[in-house]
Amino acid sequence: MKVQSAVQKKGGTKEGRGFSRGELREVGVDLKQALKLGMPIDLRRKTKHEENVKALKQHLRSLAKKRPRRQRTIKKS
């Protein structure tokens, strides 16, 4: 699943280049994690839109469901 940001424009909204630092910070993801997860980042943007924050949260939930958790093995002595 690819996540895409939205940017406000005069006539409405349009597809943006990436998410702002503020949007990532509100979700709890730093820049390195976002790059590892394949999220687009736009370092020039300063605004924070609730629409983008909701999209990021939903994307992180879907990634958490897809990623299986490793079970720890206990060594018996």
# chains A, B, ... in the order shown; residues from 1 in each chain; ligands from 1

$ residues_around --residues "stretch 56-72 of chain A" --least-positions-apart "3" --cutoff "8 Å" --atoms "only C-alpha atoms" --output "MDAnalysis selection string"
chainID A and resid 1 3 24 27 52:53

$ residues_around --residues "A:Arg45" --least-positions-apart "5" --cutoff "8 Å" --atoms "only C-alpha atoms" --output "ChimeraX atom specification"
/A:19-21

$ atom_distance --atom1 "atom CA of A:Leu31" --atom2 "atom CA of A:Arg44"
13.5 Å

$ select_by_dssp --residues "chain A" --states "alpha helix (DSSP H)" --output "MDAnalysis selection string"
chainID A and resid 21:27 31:36 50:66

$ residues_around --residues "A:Val7" --least-positions-apart "6" --cutoff "10 Å" --atoms "only C-alpha atoms" --output "PyMOL selection string"
chain A and resi 13-19+45+47-49+51-52

$ select_by_dssp --residues "chain A" --states "strand (DSSP E)" --output "count of residues only"
8

$ atom_distance --atom1 "atom CA of A:Glu23" --atom2 "atom CA of A:Gln8"
14.3 Å

$ atom_distance --atom1 "atom CA of A:Lys46" --atom2 "atom CA of A:Lys32"
18.3 Å

$ decode --residues "stretch 48-70 of chain A" --atoms "N, CA and C atoms" --output "PDB file, in the first residue's frame"
ATOM      1  N   LYS A  48       0.914  21.474   8.652  1.00  0.00           N
ATOM      2  CA  LYS A  48       0.506  20.183   9.179  1.00  0.00           C
ATOM      3  C   LYS A  48      -0.998  20.048   8.956  1.00  0.00           C
ATOM      4  N   HIS A  49      -1.406  19.101   8.122  1.00  0.00           N
ATOM      5  CA  HIS A  49      -2.823  18.903   7.799  1.00  0.00           C
ATOM      6  C   HIS A  49      -3.329  17.635   8.490  1.00  0.00           C
ATOM      7  N   GLU A  50      -4.505  17.749   9.107  1.00  0.00           N
ATOM      8  CA  GLU A  50      -5.102  16.608   9.805  1.00  0.00           C
ATOM      9  C   GLU A  50      -5.374  15.448   8.855  1.00  0.00           C
ATOM     10  N   GLU A  51      -5.718  15.764   7.627  1.00  0.00           N
ATOM     11  CA  GLU A  51      -5.980  14.731   6.610  1.00  0.00           C
ATOM     12  C   GLU A  51      -4.744  13.840   6.421  1.00  0.00           C
ATOM     13  N   ASN A  52      -3.568  14.462   6.394  1.00  0.00           N
ATOM     14  CA  ASN A  52      -2.325  13.703   6.220  1.00  0.00           C
ATOM     15  C   ASN A  52      -1.972  12.904   7.465  1.00  0.00           C
ATOM     16  N   VAL A  53      -2.245  13.467   8.641  1.00  0.00           N
ATOM     17  CA  VAL A  53      -1.961  12.753   9.889  1.00  0.00           C
ATOM     18  C   VAL A  53      -2.824  11.497   9.973  1.00  0.00           C
ATOM     19  N   LYS A  54      -4.090  11.618   9.595  1.00  0.00           N
ATOM     20  CA  LYS A  54      -4.986  10.455   9.607  1.00  0.00           C
ATOM     21  C   LYS A  54      -4.509   9.388   8.618  1.00  0.00           C
ATOM     22  N   ALA A  55      -4.058   9.827   7.439  1.00  0.00           N
ATOM     23  CA  ALA A  55      -3.568   8.880   6.428  1.00  0.00           C
ATOM     24  C   ALA A  55      -2.325   8.153   6.932  1.00  0.00           C
ATOM     25  N   LEU A  56      -1.428   8.879   7.609  1.00  0.00           N
ATOM     26  CA  LEU A  56      -0.217   8.261   8.152  1.00  0.00           C
ATOM     27  C   LEU A  56      -0.548   7.235   9.241  1.00  0.00           C
ATOM     28  N   LYS A  57      -1.471   7.596  10.129  1.00  0.00           N
ATOM     29  CA  LYS A  57      -1.857   6.669  11.199  1.00  0.00           C
ATOM     30  C   LYS A  57      -2.460   5.390  10.620  1.00  0.00           C
ATOM     31  N   GLN A  58      -3.305   5.535   9.628  1.00  0.00           N
ATOM     32  CA  GLN A  58      -3.924   4.369   8.993  1.00  0.00           C
ATOM     33  C   GLN A  58      -2.865   3.519   8.297  1.00  0.00           C
ATOM     34  N   HIS A  59      -1.902   4.149   7.649  1.00  0.00           N
ATOM     35  CA  HIS A  59      -0.832   3.423   6.963  1.00  0.00           C
ATOM     36  C   HIS A  59       0.029   2.653   7.962  1.00  0.00           C
ATOM     37  N   LEU A  60       0.337   3.261   9.099  1.00  0.00           N
ATOM     38  CA  LEU A  60       1.135   2.576  10.117  1.00  0.00           C
ATOM     39  C   LEU A  60       0.384   1.384  10.711  1.00  0.00           C
ATOM     40  N   ARG A  61      -0.937   1.539  10.885  1.00  0.00           N
ATOM     41  CA  ARG A  61      -1.732   0.408  11.386  1.00  0.00           C
ATOM     42  C   ARG A  61      -1.715  -0.749  10.396  1.00  0.00           C
ATOM     43  N   SER A  62      -1.818  -0.441   9.104  1.00  0.00           N
ATOM     44  CA  SER A  62      -1.822  -1.501   8.097  1.00  0.00           C
ATOM     45  C   SER A  62      -0.455  -2.180   8.022  1.00  0.00           C
ATOM     46  N   LEU A  63       0.622  -1.416   8.217  1.00  0.00           N
ATOM     47  CA  LEU A  63       1.960  -2.017   8.231  1.00  0.00           C
ATOM     48  C   LEU A  63       2.145  -2.923   9.435  1.00  0.00           C
ATOM     49  N   ALA A  64       1.589  -2.525  10.573  1.00  0.00           N
ATOM     50  CA  ALA A  64       1.712  -3.335  11.787  1.00  0.00           C
ATOM     51  C   ALA A  64       0.985  -4.668  11.628  1.00  0.00           C
ATOM     52  N   LYS A  65      -0.127  -4.667  10.907  1.00  0.00           N
ATOM     53  CA  LYS A  65      -0.870  -5.906  10.693  1.00  0.00           C
ATOM     54  C   LYS A  65      -0.119  -6.846   9.759  1.00  0.00           C
ATOM     55  N   LYS A  66       0.564  -6.285   8.766  1.00  0.00           N
ATOM     56  CA  LYS A  66       1.273  -7.103   7.780  1.00  0.00           C
ATOM     57  C   LYS A  66       2.535  -7.728   8.356  1.00  0.00           C
ATOM     58  N   ARG A  67       3.229  -7.015   9.224  1.00  0.00           N
ATOM     59  CA  ARG A  67       4.520  -7.467   9.729  1.00  0.00           C
ATOM     60  C   ARG A  67       4.324  -8.498  10.844  1.00  0.00           C
ATOM     61  N   PRO A  68       4.757  -9.730  10.622  1.00  0.00           N
ATOM     62  CA  PRO A  68       4.622 -10.736  11.679  1.00  0.00           C
ATOM     63  C   PRO A  68       5.658 -10.482  12.771  1.00  0.00           C
ATOM     64  N   ARG A  69       5.266 -10.770  13.973  1.00  0.00           N
ATOM     65  CA  ARG A  69       6.171 -10.590  15.109  1.00  0.00           C
ATOM     66  C   ARG A  69       7.026 -11.826  15.286  1.00  0.00           C
ATOM     67  N   ARG A  70       8.289 -11.609  15.590  1.00  0.00           N
ATOM     68  CA  ARG A  70       9.190 -12.735  15.840  1.00  0.00           C
ATOM     69  C   ARG A  70       8.950 -13.256  17.243  1.00  0.00           C
TER      70      ARG A  70
END
